[in-house]
Amino acid sequence: MITRLSFWIGPLIYALLVFEMGRYWIAPDPNNTDRLQTLAVMMVFEFIMVHSGVFMAVMPKKISLLFFVPVYGVFALAMNTMAPGNTILWIYLSVVFVRMRFAFSNPKGSEPQIAITISLCAVLIYFALLVSFILNAHLVPKIGLTDQFLLESGYKDSITTGGLLTDMPQVSMAMGVVYFSLLALIEIVIPIFYSKSKSDL
């Protein structure tokens, strides 16, 4: 029962992020631009988090706990200052719990291989999407995030860090929708693939 629940935790979180980013891309709330800013900064923060999953999946548990968790925690604290509230910090703790849970346990069977494969796929997907969206930023439809909305809602004045993903939130929202949709998919498909491969042997 617990194993089945843990299988769906990651995809469920990613699905909620897809919904949230899609909602703020299509129909943003002019009275809650803090949330929009947090989601945009989160996509920048994912640049750091995405490869940390690989390190924590392949490194011994002691090194992960004593070195990687605190080091990436410092990055999380730094990124947390760029967004309102402490959402980025909570996201970091959630990612440590979900995506890097193998650093806190003694996985058996194909679980380590599944964790490494998912982490590697996440890295490849993130950087492929990052390059694609940066090069084609002008093609991403603004939908609800028009220049008028960003100005009148105070978003432009509220951002404290520069960069394409925060200056053009429609890019970060669109990338987030695609990215987290693909992450949810691979977290479902890859374990099933390993399970099927094992049963075929």
# chains A, B, ... in the order shown; residues from 1 in each chain; ligands from 1
>>> residues_around(residues="stretch 30-35 of chain A", least_positions_apart="4", cutoff="8 Å", atoms="only C-alpha atoms", output="list in words")
Leu39, Ala83, Pro84, Phe149, Ser153, Gly154, Tyr155 and Ser158 of chain A
>>> residues_around(residues="stretch 24-26 of chain A", least_positions_apart="5", cutoff="10 Å", atoms="only C-alpha atoms", output="list in words")
Phe19, Asn32, Thr33, Arg35, Leu36, Leu39, Pro141, Lys142, Ile143, Gly144, Leu145, Thr146, Pro169, Gln170, Val171, Ser172, Met173, Ala174 and Val177 of chain A
>>> residues_around(residues="A:Phe127", least_positions_apart="6", cutoff="12 Å", atoms="only C-alpha atoms", output="list in words")
Met43, Val44, Glu46, Phe47, Ile48, Val50, His51, Leu120, Cys121, Phe133, Ile134, Met175 and Tyr179 of chain A
>>> write_last_selection(atoms="C-alpha atoms", output="PDB file, in the first residue's frame")
ATOM      1  CA  MET A  43      11.788  27.336 -12.941  1.00  0.00           C
ATOM      2  CA  VAL A  44      15.119  29.124 -12.489  1.00  0.00           C
ATOM      3  CA  GLU A  46      15.035  23.913 -11.149  1.00  0.00           C
ATOM      4  CA  PHE A  47      18.288  24.584 -13.040  1.00  0.00           C
ATOM      5  CA  ILE A  48      20.061  23.801  -9.767  1.00  0.00           C
ATOM      6  CA  VAL A  50      17.488  18.985 -11.621  1.00  0.00           C
ATOM      7  CA  HIS A  51      21.096  17.787 -11.610  1.00  0.00           C
ATOM      8  CA  LEU A 120      19.059  11.592 -15.978  1.00  0.00           C
ATOM      9  CA  CYS A 121      15.896  11.960 -18.055  1.00  0.00           C
ATOM     10  CA  PHE A 133      12.275  28.036 -24.997  1.00  0.00           C
ATOM     11  CA  ILE A 134      15.077  30.600 -24.730  1.00  0.00           C
ATOM     12  CA  MET A 175       8.106  25.654 -20.091  1.00  0.00           C
ATOM     13  CA  TYR A 179       8.493  20.123 -18.265  1.00  0.00           C
TER      14      TYR A 179
END
>>> atom_distance(atom1="atom CA of A:Gly10", atom2="atom CA of A:Ile118")
11.2 Å
>>> select_by_dssp(residues="stretch 25-163 of chain A", states="alpha helix (DSSP H)", output="ChimeraX atom specification")
/A:25-26,33-58,61-63,69-80,87-98,111-135,147-152,155-158
